[in-house]
Amino acid sequence: MPAATTTTAGTAPPTTAHRIPSGAGGARRRRRREYLMFLAFVAPNFLFIVVFSYWPVLYNAYLSLTDWDMISPIKNFVGLDNYVDMFTSLGFADVLLTTVYFTVGVVGGSMLLGLGIALLLNLKLRGRTFVRTMVFAPHVLSGAAVGLVWAFIFDPNYGLSRVFFSALGAESPSWLTDSDWALPAVIIVYLWKNTGFAAIVYLAGLQGLPKDVYESAALDGSGPWTTFRRFTLPLLSPVTFFLVVTSTIGSFQAFDVIALTTGGGPGDATTILSWFVYDSGFRSFQAGPAGASSIVMFVILLAITLVQTRYLERKVHYK
Amino acid sequence: MRIARTVQYALLVVIGVIMVGPLYWLLSSSLKDPSQIYTWPPVWLPTNIRPGNYSDAWNAAPFADFYLNSVITTFAGSILEVANAVLTAYAFAFLRFPGKRVLFVVLLGAMMVPGHVTLLPNYLTVSELGWINTYQGIVIPGVASAFGAFLLRQHMLTLPGALIEAARIDGAGHLRALWSVVLPMSRPMLVTVGIVSLVSKWNDFIWPLIVTNTASMRTLPVGLLLLKNQEGYTNWGAVMAAAMFVVAPVLIVFFLAQRHIVTGLTQGAVKG
């Protein structure tokens, strides 16, 4: 589920509590009953949120300062050693670089393609409803299954990849086992899976644009490209920022396709931050580096989200 | 103008083919016999249909267990998540409570915690509770609802307050007002939140992978990884059939309830 709508945080509209008029004592009793009711209603949810969302962040922060091997009862405090080790090791620099390539490829690519598709689907073309459905379908499918399908497509001998390359008069690369091709391969799969989301969100944005702006632009003799650049893009900017944040959060969680195709390899060609967190925690049993890398991930995403929220708040003030 | 139209239709077809192609390849390969899979040029329309791929896949790993586990954890998880969402939404929409604003921020803040950050600590918590390899271990960490609760609350705030007031004056308690007035009026949003929850739990991969360690407790997506690790990519027909086990139910739900899924997943994008 996209961690959407953080944009509306802090703008809770005043709530409508419904009080029934009665005597002063009755009112107080009723109000106390309402407190208890509220507690009963929200307590389970908040218990789970605190235990399984907030506590993990704190606990990771603590683990990141230890050298715990996940077995021994002793967790030695090592200060910032894990962070220093990470940021001075070439391996982690590679992971961050791969993560940047991957994120830029998936987020940038799916948004550009998504915008293009949305502009096309916004035209009155026959069959656009069908295409809209098919564009969005991959987004709801299991990444594990999608990974398997694409592993077959990338098979250089029997996959669709060979069809594609032989049409170009070339031989298909062995995508998943070649360290130059593995990251592009994984990016392609996530593009296929995620572009529909961007396309549908942009399409909704396009359909919500005020018509009068376009009418007056047309009256002024503004051509299609100028109209797009001067009006459509700026008017879509809240949608764009929403997509940047949700897609970035999504791409930081990318895992299942990688697990079923490259397993972070070959070498560490497709080891992005999310794979690194899993690998150091659940395959190397090093709680310190696992905690430290997940805190790094948290901070990056928090920064992106905060920047977006600030930006949107400014936009709201303009109105 | 004509040319522009032609280009537009050509693009539409290309996009359609790219999106449908892999799905068609998945379905058709799951039905091909080896002579039609391992051949060049490729067979586009399988003629020797081989349902045997499905039984091969089913028997290659305990897929019956995987299916049962997926169904149980998905439904249990979604029911609890939606229940949490409904109660929280009602409380924030209609009840008075000191510190409500602070709690609301706490609720929304939970959406900012990326899943990978919670993996290791949640694994430790669950194992502390003795829940490794249990249904509650798979389900419970995912039953909190922040996004769904938020969506439902926004919706409930648009309901006519007079109706709820009337119900209360008639002597209905909050539970009653929720059940017989608010919920019926929130049907579309409830369906949306429910379906989105079902789909995401069905597809969940990394948490069930971590929290289970015996074949009989695995869920379907994790089962795919087992199958791949066991058989490699050798028997593509069976591997594609196994992928169909996971994908088919979601595709059916998607085509039936497309609009709800799309609103659920894109909600909040276009109101800035």
# chains A, B, ... in the order shown; residues from 1 in each chain; ligands from 1

$ residues_around --residues "Ser28 (chain B)" --least-positions-apart "2" --cutoff "10 Å" --atoms "only C-alpha atoms" --output "VMD selection string"
chain B and resid 22 to 26 30 to 32 37 43 to 47 49 237 240 to 241

$ write_last_selection --atoms "N, CA and C atoms" --output "mmCIF file, in the first residue's frame"
data_model
loop_
_atom_site.group_PDB
_atom_site.id
_atom_site.type_symbol
_atom_site.label_atom_id
_atom_site.label_comp_id
_atom_site.auth_asym_id
_atom_site.auth_seq_id
_atom_site.Cartn_x
_atom_site.Cartn_y
_atom_site.Cartn_z
ATOM 1 N N PRO B 22 3.637 -10.072 -21.653
ATOM 2 C CA PRO B 22 4.156 -10.971 -20.621
ATOM 3 C C PRO B 22 3.068 -11.838 -19.979
ATOM 4 N N LEU B 23 1.872 -11.262 -19.806
ATOM 5 C CA LEU B 23 0.800 -12.049 -19.195
ATOM 6 C C LEU B 23 0.358 -13.164 -20.136
ATOM 7 N N TYR B 24 0.289 -12.833 -21.433
ATOM 8 C CA TYR B 24 -0.067 -13.861 -22.400
ATOM 9 C C TYR B 24 1.002 -14.946 -22.431
ATOM 10 N N TRP B 25 2.259 -14.535 -22.386
ATOM 11 C CA TRP B 25 3.377 -15.469 -22.413
ATOM 12 C C TRP B 25 3.318 -16.397 -21.191
ATOM 13 N N LEU B 26 2.964 -15.819 -20.055
ATOM 14 C CA LEU B 26 2.811 -16.598 -18.819
ATOM 15 C C LEU B 26 1.727 -17.659 -18.999
ATOM 16 N N SER B 30 2.350 -21.746 -19.592
ATOM 17 C CA SER B 30 1.914 -22.671 -18.544
ATOM 18 C C SER B 30 1.123 -23.823 -19.138
ATOM 19 N N LEU B 31 0.711 -23.670 -20.411
ATOM 20 C CA LEU B 31 -0.088 -24.722 -21.045
ATOM 21 C C LEU B 31 0.692 -25.497 -22.113
ATOM 22 N N LYS B 32 1.944 -25.061 -22.385
ATOM 23 C CA LYS B 32 2.678 -25.696 -23.477
ATOM 24 C C LYS B 32 3.370 -26.971 -23.011
ATOM 25 N N ILE B 37 7.862 -25.402 -25.793
ATOM 26 C CA ILE B 37 8.546 -24.362 -25.009
ATOM 27 C C ILE B 37 9.991 -24.220 -25.485
ATOM 28 N N VAL B 43 6.539 -20.776 -30.313
ATOM 29 C CA VAL B 43 5.147 -21.113 -30.634
ATOM 30 C C VAL B 43 4.255 -20.088 -29.947
ATOM 31 N N TRP B 44 3.510 -19.331 -30.739
ATOM 32 C CA TRP B 44 2.676 -18.291 -30.129
ATOM 33 C C TRP B 44 1.380 -18.863 -29.576
ATOM 34 N N LEU B 45 0.803 -19.808 -30.325
ATOM 35 C CA LEU B 45 -0.471 -20.374 -29.882
ATOM 36 C C LEU B 45 -0.261 -21.856 -29.627
ATOM 37 N N PRO B 46 -0.195 -22.252 -28.338
ATOM 38 C CA PRO B 46 0.094 -23.664 -28.069
ATOM 39 C C PRO B 46 -0.986 -24.578 -28.666
ATOM 40 N N THR B 47 -0.546 -25.636 -29.326
ATOM 41 C CA THR B 47 -1.519 -26.583 -29.876
ATOM 42 C C THR B 47 -1.570 -27.852 -29.037
ATOM 43 N N ILE B 49 -1.856 -28.655 -25.865
ATOM 44 C CA ILE B 49 -2.133 -28.156 -24.512
ATOM 45 C C ILE B 49 -1.734 -29.226 -23.494
ATOM 46 N N GLY B 237 7.565 -24.748 -18.092
ATOM 47 C CA GLY B 237 6.112 -24.951 -18.125
ATOM 48 C C GLY B 237 5.547 -25.027 -16.716
ATOM 49 N N MET B 240 5.868 -21.656 -14.800
ATOM 50 C CA MET B 240 4.824 -20.703 -15.180
ATOM 51 C C MET B 240 3.477 -21.106 -14.578
ATOM 52 N N ALA B 241 3.211 -22.403 -14.526
ATOM 53 C CA ALA B 241 1.960 -22.865 -13.909
ATOM 54 C C ALA B 241 1.926 -22.455 -12.438
#

$ closest_atom_pairs --of "region 144-166 of chain B" --to "region 79-103 of chain B" --cutoff "7 Å" --atoms "only C-alpha atoms" --output "Markdown table"
| residue | atom | partner | partner_atom | distance |
| --- | --- | --- | --- | --- |
| B:Ala144 | CA | B:Glu81 | CA | 5.9 |
| B:Ser145 | CA | B:Ala85 | CA | 5.4 |
| B:Gly148 | CA | B:Ala85 | CA | 5.6 |
| B:Ala149 | CA | B:Ala85 | CA | 4.0 |
| B:Phe150 | CA | B:Ala89 | CA | 6.6 |
| B:Leu152 | CA | B:Ala89 | CA | 5.7 |
| B:Arg153 | CA | B:Ala89 | CA | 4.3 |
| B:Met156 | CA | B:Ala93 | CA | 6.4 |
| B:Leu157 | CA | B:Ala93 | CA | 5.9 |

$ residues_around --residues "region 131-134 of chain A" --least-positions-apart "4" --cutoff "9 Å" --atoms "only C-alpha atoms" --output "PyMOL selection string"
(chain A and resi 117-118+121+127+138+196+199-200) or (chain B and resi 12-13+15-16+19-20+255+258)

$ residues_around --residues "Gly264 (chain B)" --least-positions-apart "6" --cutoff "7 Å" --atoms "only C-alpha atoms" --output "PDB file with N, CA and C atoms, in the first residue's frame"
ATOM      1  N   THR B 192     -13.344  -0.804  -1.040  1.00  0.00           N
ATOM      2  CA  THR B 192     -12.037  -0.376  -1.525  1.00  0.00           C
ATOM      3  C   THR B 192     -10.933  -0.751  -0.549  1.00  0.00           C
ATOM      4  N   VAL B 193     -11.103  -0.345   0.698  1.00  0.00           N
ATOM      5  CA  VAL B 193     -10.078  -0.617   1.705  1.00  0.00           C
ATOM      6  C   VAL B 193      -9.883  -2.127   1.863  1.00  0.00           C
ATOM      7  N   VAL B 196      -8.048  -3.689  -1.326  1.00  0.00           N
ATOM      8  CA  VAL B 196      -6.634  -3.313  -1.372  1.00  0.00           C
ATOM      9  C   VAL B 196      -5.856  -4.092  -0.310  1.00  0.00           C
TER      10      VAL B 196
END

$ residues_around --residues "region 281-295 of chain A" --least-positions-apart "6" --cutoff "8 Å" --atoms "only C-alpha atoms" --output "short mmCIF file (atom, residue, chain, number, x, y, z; two decimals) with N, CA and C atoms, in the first residue's frame"
data_model
loop_
_atom_site.label_atom_id
_atom_site.label_comp_id
_atom_site.auth_asym_id
_atom_site.auth_seq_id
_atom_site.Cartn_x
_atom_site.Cartn_y
_atom_site.Cartn_z
N VAL A 57 11.71 1.22 14.76
CA VAL A 57 12.65 2.28 14.40
C VAL A 57 13.61 2.52 15.56
N ASN A 60 15.92 -0.53 16.03
CA ASN A 60 16.96 -0.53 15.00
C ASN A 60 18.04 0.48 15.30
N ALA A 61 17.61 1.66 15.77
CA ALA A 61 18.59 2.69 16.11
C ALA A 61 19.53 2.17 17.19
N TYR A 62 18.94 1.46 18.17
CA TYR A 62 19.77 0.89 19.23
C TYR A 62 20.68 -0.21 18.69
N LEU A 63 20.09 -1.14 17.93
CA LEU A 63 20.90 -2.25 17.39
C LEU A 63 22.06 -1.74 16.55
N SER A 64 21.83 -0.63 15.84
CA SER A 64 22.87 -0.11 14.96
C SER A 64 24.09 0.35 15.74
N LEU A 65 23.94 0.50 17.06
CA LEU A 65 25.07 0.93 17.88
C LEU A 65 25.73 -0.25 18.60
N THR A 66 25.35 -1.48 18.21
CA THR A 66 25.91 -2.66 18.87
C THR A 66 26.61 -3.55 17.84
N ASP A 67 27.28 -4.58 18.37
CA ASP A 67 27.92 -5.55 17.46
C ASP A 67 27.22 -6.91 17.56
N TRP A 68 25.95 -6.90 17.86
CA TRP A 68 25.22 -8.14 18.16
C TRP A 68 25.20 -9.09 16.95
N ASP A 69 25.43 -10.40 17.25
CA ASP A 69 25.42 -11.39 16.17
C ASP A 69 24.09 -12.13 16.09
N MET A 70 23.10 -11.68 16.81
CA MET A 70 21.75 -12.24 16.82
C MET A 70 21.66 -13.59 17.53
N ASN A 82 29.46 0.97 13.42
CA ASN A 82 28.79 0.36 12.26
C ASN A 82 28.61 1.36 11.13
N TYR A 83 28.24 2.60 11.52
CA TYR A 83 28.04 3.62 10.49
C TYR A 83 29.36 3.97 9.83
N MET A 86 30.42 1.23 7.56
CA MET A 86 29.60 1.20 6.35
C MET A 86 30.03 2.27 5.36
N LEU A 273 19.73 -1.19 -1.47
CA LEU A 273 19.68 -1.05 -0.01
C LEU A 273 18.75 -2.07 0.64
N HIS B 116 11.01 -2.23 5.32
CA HIS B 116 12.29 -2.88 5.57
C HIS B 116 12.91 -2.47 6.90
N VAL B 117 12.51 -1.28 7.39
CA VAL B 117 13.06 -0.83 8.67
C VAL B 117 12.49 -1.66 9.81
N LEU B 120 13.77 -6.59 10.94
CA LEU B 120 14.57 -7.27 11.95
C LEU B 120 13.95 -7.15 13.34
N ILE B 210 10.44 -14.46 6.03
CA ILE B 210 11.31 -14.38 7.20
C ILE B 210 10.73 -15.13 8.39
#

$ atom_distance --atom1 "CA of Val42 (chain A)" --atom2 "CA of Ile195 (chain B)"
22.1 Å

$ atom_distance --atom1 "CA of Ser29 (chain B)" --atom2 "CA of Leu183 (chain A)"
25.3 Å

$ select_by_dssp --residues "region 255-316 of chain A" --states "helix (DSSP H, G or I)" --output "VMD selection string"
chain A and resid 256 to 261 273 to 282 287 to 316

$ closest_residue --among "A:Ala182, A:Leu191, A:Ala27, A:Val277" --to "chain B" --atoms "only C-alpha atoms"
A:Val277

$ residues_around --residues "Lys193 (chain A)" --least-positions-apart "5" --cutoff "9 Å" --atoms "only C-alpha atoms" --output "ChimeraX atom specification"
/A:135-141,143,146,188 /B:19
